[in-house]
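**Student:** For reference, the file input_34.pdb (PDB, C-alpha atoms) is included below:
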```
MODEL        1
ATOM      1  CA  MET A   1      38.825   8.523 -26.076
ATOM      2  CA  SER A   2      38.561   6.128 -29.011
ATOM      3  CA  VAL A   3      38.702   2.330 -28.860
ATOM      4  CA  THR A   4      41.758   1.102 -30.732
ATOM      5  CA  ALA A   5      43.224  -2.351 -31.334
ATOM      6  CA  GLU A   6      46.081  -1.371 -29.042
ATOM      7  CA  THR A   7      43.820  -0.483 -26.098
ATOM      8  CA  VAL A   8      41.898  -3.749 -26.572
ATOM      9  CA  LYS A   9      45.212  -5.600 -26.496
ATOM     10  CA  GLN A  10      46.309  -3.761 -23.347
ATOM     11  CA  LEU A  11      43.025  -4.559 -21.599
ATOM     12  CA  ARG A  12      43.303  -8.228 -22.586
ATOM     13  CA  GLU A  13      46.813  -8.421 -21.134
ATOM     14  CA  ARG A  14      45.653  -6.681 -17.991
ATOM     15  CA  THR A  15      42.504  -8.730 -17.356
ATOM     16  CA  GLY A  16      43.058 -11.981 -19.246
ATOM     17  CA  ALA A  17      39.525 -11.699 -20.678
ATOM     18  CA  GLY A  18      38.407 -12.331 -24.257
ATOM     19  CA  MET A  19      38.751  -9.765 -27.060
ATOM     20  CA  MET A  20      35.013  -9.147 -27.439
ATOM     21  CA  GLU A  21      34.538  -8.648 -23.694
ATOM     22  CA  CYS A  22      37.417  -6.160 -23.651
ATOM     23  CA  LYS A  23      36.060  -4.271 -26.632
ATOM     24  CA  LYS A  24      32.574  -4.107 -25.101
ATOM     25  CA  ALA A  25      33.950  -2.776 -21.795
ATOM     26  CA  LEU A  26      36.022  -0.126 -23.603
ATOM     27  CA  LEU A  27      33.006   0.998 -25.626
ATOM     28  CA  GLU A  28      30.945   1.322 -22.435
ATOM     29  CA  THR A  29      33.668   3.413 -20.786
ATOM     30  CA  ARG A  30      34.470   5.417 -23.954
ATOM     31  CA  GLY A  31      37.964   3.992 -24.264
ATOM     32  CA  ASP A  32      39.048   4.630 -20.660
ATOM     33  CA  LEU A  33      41.379   1.716 -19.918
ATOM     34  CA  ASP A  34      41.275   2.026 -16.115
ATOM     35  CA  ALA A  35      37.504   2.394 -16.034
ATOM     36  CA  ALA A  36      37.101  -0.575 -18.377
ATOM     37  CA  ALA A  37      39.308  -2.765 -16.178
ATOM     38  CA  GLU A  38      37.259  -1.765 -13.111
ATOM     39  CA  LEU A  39      34.004  -2.446 -14.953
ATOM     40  CA  MET A  40      35.206  -5.885 -16.026
ATOM     41  CA  ARG A  41      36.241  -6.681 -12.490
ATOM     42  CA  LYS A  42      32.770  -5.818 -11.218
ATOM     43  CA  GLN A  43      31.186  -7.874 -13.995
ATOM     44  CA  GLY A  44      33.539 -10.719 -13.151
ATOM     45  CA  LEU A  45      32.328 -10.774  -9.571
ATOM     46  CA  ALA A  46      28.753 -11.037 -10.800
ATOM     47  CA  LYS A  47      29.679 -13.871 -13.145
ATOM     48  CA  ALA A  48      31.423 -15.694 -10.307
ATOM     49  CA  ASP A  49      28.283 -15.509  -8.184
ATOM     50  CA  LYS A  50      26.143 -16.896 -11.040
ATOM     51  CA  LYS A  51      28.510 -19.850 -11.531
ATOM     52  CA  ALA A  52      28.765 -20.641  -7.816
ATOM     53  CA  THR A  53      25.897 -23.154  -7.898
ATOM     54  CA  ARG A  54      27.530 -25.303 -10.594
ATOM     55  CA  ILE A  55      29.194 -28.508  -9.405
ATOM     56  CA  ALA A  56      32.993 -28.317  -9.327
ATOM     57  CA  ALA A  57      34.311 -31.830  -8.661
ATOM     58  CA  GLU A  58      37.501 -31.739 -10.743
ATOM     59  CA  GLY A  59      40.624 -29.810  -9.797
ATOM     60  CA  VAL A  60      44.034 -30.242  -8.202
ATOM     61  CA  ILE A  61      45.751 -30.869  -4.907
ATOM     62  CA  ALA A  62      48.658 -28.475  -4.264
ATOM     63  CA  ILE A  63      51.304 -28.761  -1.537
ATOM     64  CA  GLU A  64      53.780 -26.098  -0.433
ATOM     65  CA  ARG A  65      56.462 -26.365   2.272
ATOM     66  CA  SER A  66      57.798 -23.725   4.631
ATOM     67  CA  THR A  67      61.353 -22.523   4.077
ATOM     68  CA  ASP A  68      62.677 -24.634   6.974
ATOM     69  CA  GLY A  69      60.827 -27.738   5.791
ATOM     70  CA  ARG A  70      59.165 -28.301   9.170
ATOM     71  CA  ALA A  71      55.703 -27.200   8.020
ATOM     72  CA  ALA A  72      53.619 -27.731   4.916
ATOM     73  CA  ALA A  73      50.152 -26.882   3.665
ATOM     74  CA  MET A  74      47.935 -28.832   1.306
ATOM     75  CA  VAL A  75      44.900 -27.397  -0.500
ATOM     76  CA  GLU A  76      42.177 -28.730  -2.749
ATOM     77  CA  VAL A  77      41.069 -26.278  -5.426
ATOM     78  CA  ASN A  78      38.156 -27.382  -7.583
ATOM     79  CA  CYS A  79      36.848 -26.596 -11.047
ATOM     80  CA  GLU A  80      34.217 -28.125 -13.316
ATOM     81  CA  THR A  81      36.317 -29.924 -15.942
ATOM     82  CA  ASP A  82      39.637 -31.759 -16.095
ATOM     83  CA  PHE A  83      40.548 -29.492 -19.027
ATOM     84  CA  VAL A  84      40.622 -26.455 -16.730
ATOM     85  CA  ALA A  85      42.383 -28.525 -14.042
ATOM     86  CA  ARG A  86      45.324 -28.726 -16.460
ATOM     87  CA  GLU A  87      45.246 -24.992 -17.244
ATOM     88  CA  GLN A  88      48.355 -23.104 -16.141
ATOM     89  CA  ASP A  89      46.611 -20.126 -14.518
ATOM     90  CA  PHE A  90      44.393 -22.473 -12.502
ATOM     91  CA  ARG A  91      47.376 -24.457 -11.227
ATOM     92  CA  ALA A  92      49.318 -21.288 -10.449
ATOM     93  CA  PHE A  93      46.362 -20.087  -8.358
ATOM     94  CA  ALA A  94      46.267 -23.388  -6.424
ATOM     95  CA  ALA A  95      50.015 -23.158  -5.733
ATOM     96  CA  ALA A  96      49.669 -19.552  -4.562
ATOM     97  CA  VAL A  97      46.847 -20.500  -2.179
ATOM     98  CA  ALA A  98      48.921 -23.358  -0.742
ATOM     99  CA  ALA A  99      51.885 -21.014  -0.255
ATOM    100  CA  GLN A 100      49.662 -18.536   1.568
ATOM    101  CA  ALA A 101      48.247 -21.343   3.739
ATOM    102  CA  VAL A 102      51.693 -22.423   4.927
ATOM    103  CA  ALA A 103      53.096 -18.910   5.392
ATOM    104  CA  GLY A 104      50.003 -17.176   6.784
ATOM    105  CA  ARG A 105      48.902 -19.873   9.262
ATOM    106  CA  PRO A 106      45.155 -19.241   8.703
ATOM    107  CA  GLY A 107      42.911 -20.687  11.362
ATOM    108  CA  SER A 108      40.000 -21.433   9.052
ATOM    109  CA  LEU A 109      39.020 -21.613   5.392
ATOM    110  CA  GLU A 110      37.349 -18.206   5.762
ATOM    111  CA  ALA A 111      40.616 -16.732   7.040
ATOM    112  CA  LEU A 112      42.508 -18.257   4.110
ATOM    113  CA  LEU A 113      40.048 -16.770   1.597
ATOM    114  CA  ALA A 114      40.480 -13.363   3.236
ATOM    115  CA  ALA A 115      44.297 -13.547   3.129
ATOM    116  CA  ARG A 116      46.218 -11.390   0.644
ATOM    117  CA  LEU A 117      47.741 -12.556  -2.609
ATOM    118  CA  GLY A 118      49.524  -9.400  -3.643
ATOM    119  CA  THR A 119      46.964  -6.650  -4.185
ATOM    120  CA  GLU A 120      43.978  -9.022  -3.957
ATOM    121  CA  THR A 121      42.565 -11.414  -1.417
ATOM    122  CA  VAL A 122      42.428 -15.114  -2.222
ATOM    123  CA  GLU A 123      38.663 -14.762  -2.721
ATOM    124  CA  GLU A 124      39.057 -11.819  -5.101
ATOM    125  CA  ARG A 125      41.673 -13.720  -7.104
ATOM    126  CA  ARG A 126      39.334 -16.731  -7.229
ATOM    127  CA  ARG A 127      36.478 -14.617  -8.570
ATOM    128  CA  SER A 128      38.723 -13.008 -11.161
ATOM    129  CA  LEU A 129      39.792 -16.463 -12.307
ATOM    130  CA  VAL A 130      36.149 -17.551 -12.616
ATOM    131  CA  ALA A 131      35.507 -14.545 -14.856
ATOM    132  CA  LYS A 132      38.575 -15.295 -16.970
ATOM    133  CA  ILE A 133      38.177 -19.071 -17.335
ATOM    134  CA  GLY A 134      34.379 -19.296 -17.329
ATOM    135  CA  GLU A 135      33.964 -22.152 -14.843
ATOM    136  CA  ASN A 136      33.003 -22.357 -11.203
ATOM    137  CA  ILE A 137      36.219 -22.503  -9.155
ATOM    138  CA  GLY A 138      36.419 -23.065  -5.420
ATOM    139  CA  VAL A 139      38.965 -23.460  -2.659
ATOM    140  CA  ARG A 140      37.351 -26.419  -0.927
ATOM    141  CA  ARG A 141      39.664 -27.225   1.992
ATOM    142  CA  PHE A 142      43.186 -26.980   3.325
ATOM    143  CA  ALA A 143      45.371 -28.590   5.947
ATOM    144  CA  ARG A 144      48.534 -27.291   7.574
ATOM    145  CA  LEU A 145      50.889 -29.577   9.488
ATOM    146  CA  GLU A 146      54.015 -28.880  11.530
ATOM    147  CA  ALA A 147      56.535 -31.492  12.637
ATOM    148  CA  PRO A 148      59.184 -31.294  15.381
ATOM    149  CA  GLU A 149      61.583 -33.299  13.224
ATOM    150  CA  HIS A 150      60.442 -34.642   9.854
ATOM    151  CA  LEU A 151      57.478 -33.710   7.692
ATOM    152  CA  GLY A 152      56.648 -36.008   4.797
ATOM    153  CA  ALA A 153      54.762 -34.754   1.738
ATOM    154  CA  TYR A 154      53.699 -36.672  -1.340
ATOM    155  CA  LEU A 155      51.676 -35.781  -4.435
ATOM    156  CA  HIS A 156      50.398 -38.515  -6.714
ATOM    157  CA  GLY A 157      50.021 -36.554  -9.924
ATOM    158  CA  THR A 158      47.766 -33.649  -9.016
ATOM    159  CA  ARG A 159      44.753 -35.580  -7.682
ATOM    160  CA  ILE A 160      45.945 -37.183  -4.426
ATOM    161  CA  GLY A 161      48.122 -35.602  -1.765
ATOM    162  CA  ALA A 162      49.317 -36.607   1.687
ATOM    163  CA  LEU A 163      51.146 -34.987   4.592
ATOM    164  CA  VAL A 164      52.547 -36.684   7.685
ATOM    165  CA  ALA A 165      54.257 -35.238  10.786
ATOM    166  CA  LEU A 166      56.884 -37.555  12.224
ATOM    167  CA  GLN A 167      58.881 -37.560  15.436
ATOM    168  CA  GLY A 168      62.026 -39.645  15.308
ATOM    169  CA  GLY A 169      63.122 -41.660  12.304
ATOM    170  CA  LYS A 170      64.478 -40.029   9.156
ATOM    171  CA  ALA A 171      63.246 -37.771   6.376
ATOM    172  CA  GLU A 172      63.131 -40.760   4.003
ATOM    173  CA  LEU A 173      60.744 -42.571   6.365
ATOM    174  CA  ALA A 174      58.459 -39.511   6.485
ATOM    175  CA  HIS A 175      58.331 -39.426   2.674
ATOM    176  CA  ASP A 176      57.622 -43.185   2.481
ATOM    177  CA  LEU A 177      54.803 -42.845   5.020
ATOM    178  CA  ALA A 178      53.264 -39.978   3.046
ATOM    179  CA  MET A 179      53.376 -42.206  -0.034
ATOM    180  CA  HIS A 180      51.785 -45.043   1.955
ATOM    181  CA  ILE A 181      48.974 -42.762   3.163
ATOM    182  CA  ALA A 182      48.285 -41.598  -0.397
ATOM    183  CA  ALA A 183      48.076 -45.202  -1.595
ATOM    184  CA  SER A 184      46.288 -46.904   1.315
ATOM    185  CA  ASN A 185      43.904 -44.139   2.422
ATOM    186  CA  PRO A 186      43.753 -44.766   6.198
ATOM    187  CA  ARG A 187      40.821 -43.060   7.907
ATOM    188  CA  TYR A 188      42.337 -42.938  11.395
ATOM    189  CA  LEU A 189      45.795 -43.032  12.965
ATOM    190  CA  SER A 190      45.076 -45.869  15.425
ATOM    191  CA  THR A 191      42.166 -47.891  16.800
ATOM    192  CA  ARG A 192      42.002 -45.464  19.753
ATOM    193  CA  GLU A 193      40.838 -42.754  17.342
ATOM    194  CA  VAL A 194      38.056 -44.795  15.748
ATOM    195  CA  PRO A 195      34.690 -43.488  17.051
ATOM    196  CA  GLN A 196      32.774 -45.965  19.213
ATOM    197  CA  GLU A 197      29.730 -45.740  16.966
ATOM    198  CA  VAL A 198      31.837 -46.869  13.996
ATOM    199  CA  ILE A 199      33.172 -49.841  15.980
ATOM    200  CA  ALA A 200      29.667 -50.738  17.198
ATOM    201  CA  LYS A 201      28.246 -50.671  13.682
ATOM    202  CA  GLU A 202      31.077 -52.818  12.327
ATOM    203  CA  ARG A 203      30.647 -55.320  15.172
ATOM    204  CA  GLU A 204      26.907 -55.506  14.428
ATOM    205  CA  ILE A 205      27.514 -56.251  10.752
ATOM    206  CA  LEU A 206      30.198 -58.848  11.483
ATOM    207  CA  THR A 207      27.977 -60.525  14.090
ATOM    208  CA  GLU A 208      25.126 -60.936  11.602
ATOM    209  CA  GLN A 209      27.542 -62.379   9.057
ATOM    210  CA  ALA A 210      29.016 -64.870  11.547
ATOM    211  CA  GLN A 211      25.595 -65.947  12.847
ATOM    212  CA  GLY A 212      24.574 -66.695   9.269
ATOM    213  CA  GLU A 213      27.345 -69.281   9.094
ATOM    214  CA  GLY A 214      25.586 -71.468  11.694
ATOM    215  CA  LYS A 215      28.360 -71.467  14.292
ATOM    216  CA  PRO A 216      27.818 -71.844  18.066
ATOM    217  CA  PRO A 217      27.512 -68.537  20.007
ATOM    218  CA  GLU A 218      30.937 -68.838  21.668
ATOM    219  CA  ILE A 219      32.597 -69.450  18.285
ATOM    220  CA  VAL A 220      30.655 -66.543  16.768
ATOM    221  CA  ALA A 221      31.976 -64.196  19.477
ATOM    222  CA  LYS A 222      35.594 -65.185  18.781
ATOM    223  CA  MET A 223      35.084 -64.899  15.020
ATOM    224  CA  VAL A 224      33.576 -61.432  15.377
ATOM    225  CA  GLU A 225      36.423 -60.098  17.527
ATOM    226  CA  GLY A 226      39.054 -61.501  15.171
ATOM    227  CA  ARG A 227      37.365 -60.044  12.119
ATOM    228  CA  LEU A 228      36.839 -56.745  13.907
ATOM    229  CA  ARG A 229      40.567 -56.443  14.642
ATOM    230  CA  LYS A 230      41.320 -57.098  10.979
ATOM    231  CA  SER A 231      38.695 -54.578   9.840
ATOM    232  CA  LEU A 232      40.022 -51.877  12.171
ATOM    233  CA  GLY A 233      43.549 -52.590  11.007
ATOM    234  CA  GLU A 234      42.509 -51.911   7.421
ATOM    235  CA  ILE A 235      41.219 -48.405   8.213
ATOM    236  CA  THR A 236      43.944 -47.295  10.645
ATOM    237  CA  LEU A 237      47.403 -46.180   9.580
ATOM    238  CA  LEU A 238      49.213 -48.108  12.323
ATOM    239  CA  GLY A 239      47.315 -51.309  11.553
ATOM    240  CA  GLN A 240      47.893 -51.325   7.791
ATOM    241  CA  PRO A 241      50.608 -53.418   6.109
ATOM    242  CA  PHE A 242      53.381 -51.058   4.998
ATOM    243  CA  VAL A 243      53.212 -50.621   1.213
ATOM    244  CA  LYS A 244      56.964 -51.137   0.733
ATOM    245  CA  ASP A 245      57.015 -54.247   2.970
ATOM    246  CA  PRO A 246      53.531 -55.847   3.345
ATOM    247  CA  ASP A 247      54.860 -58.367   5.890
ATOM    248  CA  VAL A 248      55.278 -55.521   8.403
ATOM    249  CA  THR A 249      52.555 -53.235   9.768
ATOM    250  CA  VAL A 250      53.194 -49.508   9.938
ATOM    251  CA  GLU A 251      53.082 -49.738  13.744
ATOM    252  CA  LYS A 252      55.805 -52.399  13.818
ATOM    253  CA  LEU A 253      57.885 -50.427  11.313
ATOM    254  CA  LEU A 254      57.723 -47.291  13.457
ATOM    255  CA  LYS A 255      58.608 -49.140  16.671
ATOM    256  CA  GLY A 256      61.627 -50.695  15.011
ATOM    257  CA  LEU A 257      62.908 -47.293  13.890
ATOM    258  CA  GLY A 258      62.065 -45.428  17.090
ATOM    259  CA  ALA A 259      59.604 -43.116  15.318
ATOM    260  CA  GLU A 260      56.064 -41.881  15.956
ATOM    261  CA  VAL A 261      53.432 -40.441  13.644
ATOM    262  CA  LEU A 262      51.934 -37.372  15.287
ATOM    263  CA  SER A 263      49.344 -36.545  12.638
ATOM    264  CA  PHE A 264      48.555 -36.978   8.964
ATOM    265  CA  GLU A 265      46.235 -35.667   6.256
ATOM    266  CA  ARG A 266      45.141 -37.079   2.917
ATOM    267  CA  PHE A 267      43.200 -35.227   0.206
ATOM    268  CA  GLU A 268      41.759 -36.643  -2.988
ATOM    269  CA  VAL A 269      40.206 -34.388  -5.608
ATOM    270  CA  GLY A 270      36.418 -34.514  -5.531
ATOM    271  CA  ALA A 271      36.175 -36.988  -2.636
ATOM    272  CA  GLY A 272      32.703 -36.727  -1.132
ATOM    273  CA  ILE A 273      31.362 -34.386  -3.815
ATOM    274  CA  GLU A 274      28.243 -35.730  -5.463
ATOM    275  CA  LYS A 275      28.864 -35.454  -9.179
ATOM    276  CA  LYS A 276      25.975 -34.809 -11.500
ATOM    277  CA  GLN A 277      25.419 -37.768 -13.799
ATOM    278  CA  GLU A 278      24.486 -36.521 -17.232
ATOM    279  CA  ASP A 279      22.123 -38.606 -19.370
ATOM    280  CA  PHE A 280      23.285 -37.423 -22.781
ATOM    281  CA  VAL A 281      20.777 -39.552 -24.718
ATOM    282  CA  ALA A 282      17.875 -38.078 -22.742
ATOM    283  CA  GLU A 283      19.345 -34.589 -23.171
ATOM    284  CA  VAL A 284      19.578 -34.948 -26.943
ATOM    285  CA  MET A 285      16.070 -36.400 -27.141
ATOM    286  CA  ALA A 286      14.715 -33.484 -25.108
ATOM    287  CA  GLN A 287      16.388 -31.017 -27.472
ATOM    288  CA  VAL A 288      14.956 -32.850 -30.503
ATOM    289  CA  LYS A 289      11.466 -32.826 -29.011
ATOM    290  CA  GLY A 290      11.803 -29.160 -28.133
ATOM    291  CA  SER A 291      12.898 -28.353 -31.673
ATOM    292  CA  SER A 292      10.061 -30.365 -33.173
ATOM    293  CA  ALA A 293       7.496 -28.662 -30.923
ATOM    294  CA  ALA A 294       8.785 -25.244 -31.952
ATOM    295  CA  LYS A 295       8.383 -26.055 -35.657
ATOM    296  CA  ALA A 296       4.872 -27.469 -35.206
TER     297      ALA A 296
ENDMDL
END
```
Output the structure of this file as C-alpha cells.
**Tutor:**
Amino acid sequence: MSVTAETVKQLRERTGAGMMECKKALLETRGDLDAAAELMRKQGLAKADKKATRIAAEGVIAIERSTDGRAAAMVEVNCETDFVAREQDFRAFAAAVAAQAVAGRPGSLEALLAARLGTETVEERRRSLVAKIGENIGVRRFARLEAPEHLGAYLHGTRIGALVALQGGKAELAHDLAMHIAASNPRYLSTREVPQEVIAKEREILTEQAQGEGKPPEIVAKMVEGRLRKSLGEITLLGQPFVKDPDVTVEKLLKGLGAEVLSFERFEVGAGIEKKQEDFVAEVMAQVKGSSAAKA
C-alpha cells in the first residue's frame, strides 16, 4: 500500500498527531492505516513514560454533578504549562474524568485511572493525550461528595474548586458556602478536627511570642488561650467570618438557618507541588559557554 496525502490526513484525524509523525508511521507500516494507528499508540505510551518525570504543576479543576444533583466529583488534572491548561482537548479530558468519578464511584485514584472512558481506560486516554500534546499530564487527585439534601459546588475560573455537603438549609446556602470555602481556604471543619499536634505547636509558638512581651505568667496564659482560639477560628470553616457577612461566623450562620455542614473539599491547582524555578540567565550563560567550548 502506498502512502498518500489522504491516508496521512485520515491518520491525523484518527490519532490527533502531527503530519510528520503520521507519515513516518505509515511508511513504517507500508501504508496500512490500522497498523500505523496501533504503532503510534504504542509509541505514544513510550513517550508518556518518558515525560512522566517532568513537573506538571499547571492544569485545571473540573467538577461534575450527578443527574439528581445530590452527588458531585471534583478532579485536579495537571499539565506543564498554562497554555496546555487552556487547550480544549485537555479540558475535555478533565471533564470526562470528573464525570466518570461521579458516576463510577471509584474508591481510589487507581480505580479511577482503571475506569473506562469509552473504548479506553482513563489511564490509556491520559497517555494518548500526552503523546498528542507533548507534555506530561496527570490526574493528581479527586474527591466525591454526597449530600442528603443540598450539595454546593463552586469553580473559581478553572484553578480553584470547592464542594460542600449540607443538611438542612437551602440550595443557595450550599452554593454560598462552597464559594466561601474557595475564597477562605479552611483546613478543617471545626476545632474538634484539628490534630492535637497542630494545636500544641500553635500554643508553643504563641506562648513564646507572649513571653517576649514581658507580661506576668498568668496574663501570658490568658493571652495565649485567646490568641489560640482566634488562630483556630481562622483555619476552621465554622470559626471563619462568613464572606458575605463578616460580622457573622459560619457556625452562627448555620445555627440560625438550622443547617449543618457534613463535609467539604477544596482543590487548588498545583497546591503542594514543588515547582522548578528556572534561572534563565544561568541557562543562557551555560549555553553560551558550551557553544564557545565547542568552537575552541
**Student:** Return as a PyMOL selection string the set of residues that the PyMOL selection byres ((chain A and resi 110) around 12) yields on the displayed structure.
**Tutor:** chain A and resi 101+106-109+111-115+121-123+139-142
**Student:** Hey, what's within 9 Å of range 147-158 of chain A if we count all atoms listed in the file and toss same-chain stuff fewer than 5 positions away? As a VMD selection string, please?
**Tutor:** chain A and resid 59 to 65 69 to 72 85 163 to 179 181 to 183 262 to 263 269
**Student:** Please list as a short mmCIF file (atom, residue, chain, number, x, y, z; two decimals) with C-alpha atoms, in the frame of the given file every residue within 6 Å of Thr249 in chain A, counting only C-alpha atoms and excluding residues in the same chain fewer than 4 positions away.
**Tutor:**
```cif
data_model
loop_
_atom_site.label_atom_id
_atom_site.label_comp_id
_atom_site.auth_asym_id
_atom_site.auth_seq_id
_atom_site.Cartn_x
_atom_site.Cartn_y
_atom_site.Cartn_z
CA GLY A 239 47.32 -51.31 11.55
CA GLN A 240 47.89 -51.32 7.79
CA PRO A 241 50.61 -53.42 6.11
CA PHE A 242 53.38 -51.06 5.00
#
```
**Student:** Would you kindly return, as a PyMOL selection string, each protein, DNA or RNA residue with an atom no farther than 12 Å from any atom of Leu228 in chain A, considering only C-alpha atoms and excluding same-chain residues fewer than 4 positions away?
**Tutor:** chain A and resi 191+198-207+209-210+220-224+232-235
**Student:** Applying the PyMOL selection byres ((chain A and resi 78) around 6) to the file I just gave you, which residues come out? Please list them as a list in words.
**Tutor:** Ala56, Ala57, Glu58, Gly59, Val77, Cys79, Ile137 and Gly138 of chain A
**Student:** Give me, please, the distance in Å between CA of Phe90 in chain A and CA of His180 in chain A, quoted to one decimal.
**Tutor:**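 Distance reported for this atom pair: 27.8 Å.
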**Student:** Care to translate the PyMOL selection byres ((chain A and resi 99) around 10) into actual residues of this file, as a PyMOL selection string?
**Tutor:** chain A and resi 62-66+72-75+93-98+100-104+117
**Student:** So how far away is CA of Glu120 in chain A from CA of Met40 in chain A, in Å?
**Tutor:** 15.2 Å
**Student:** Which value, in Å to one decimal, gives the distance between CA of Val243 in chain A and CA of Ser184 in chain A?
**Tutor:**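 These two atoms are separated by 7.9 Å.
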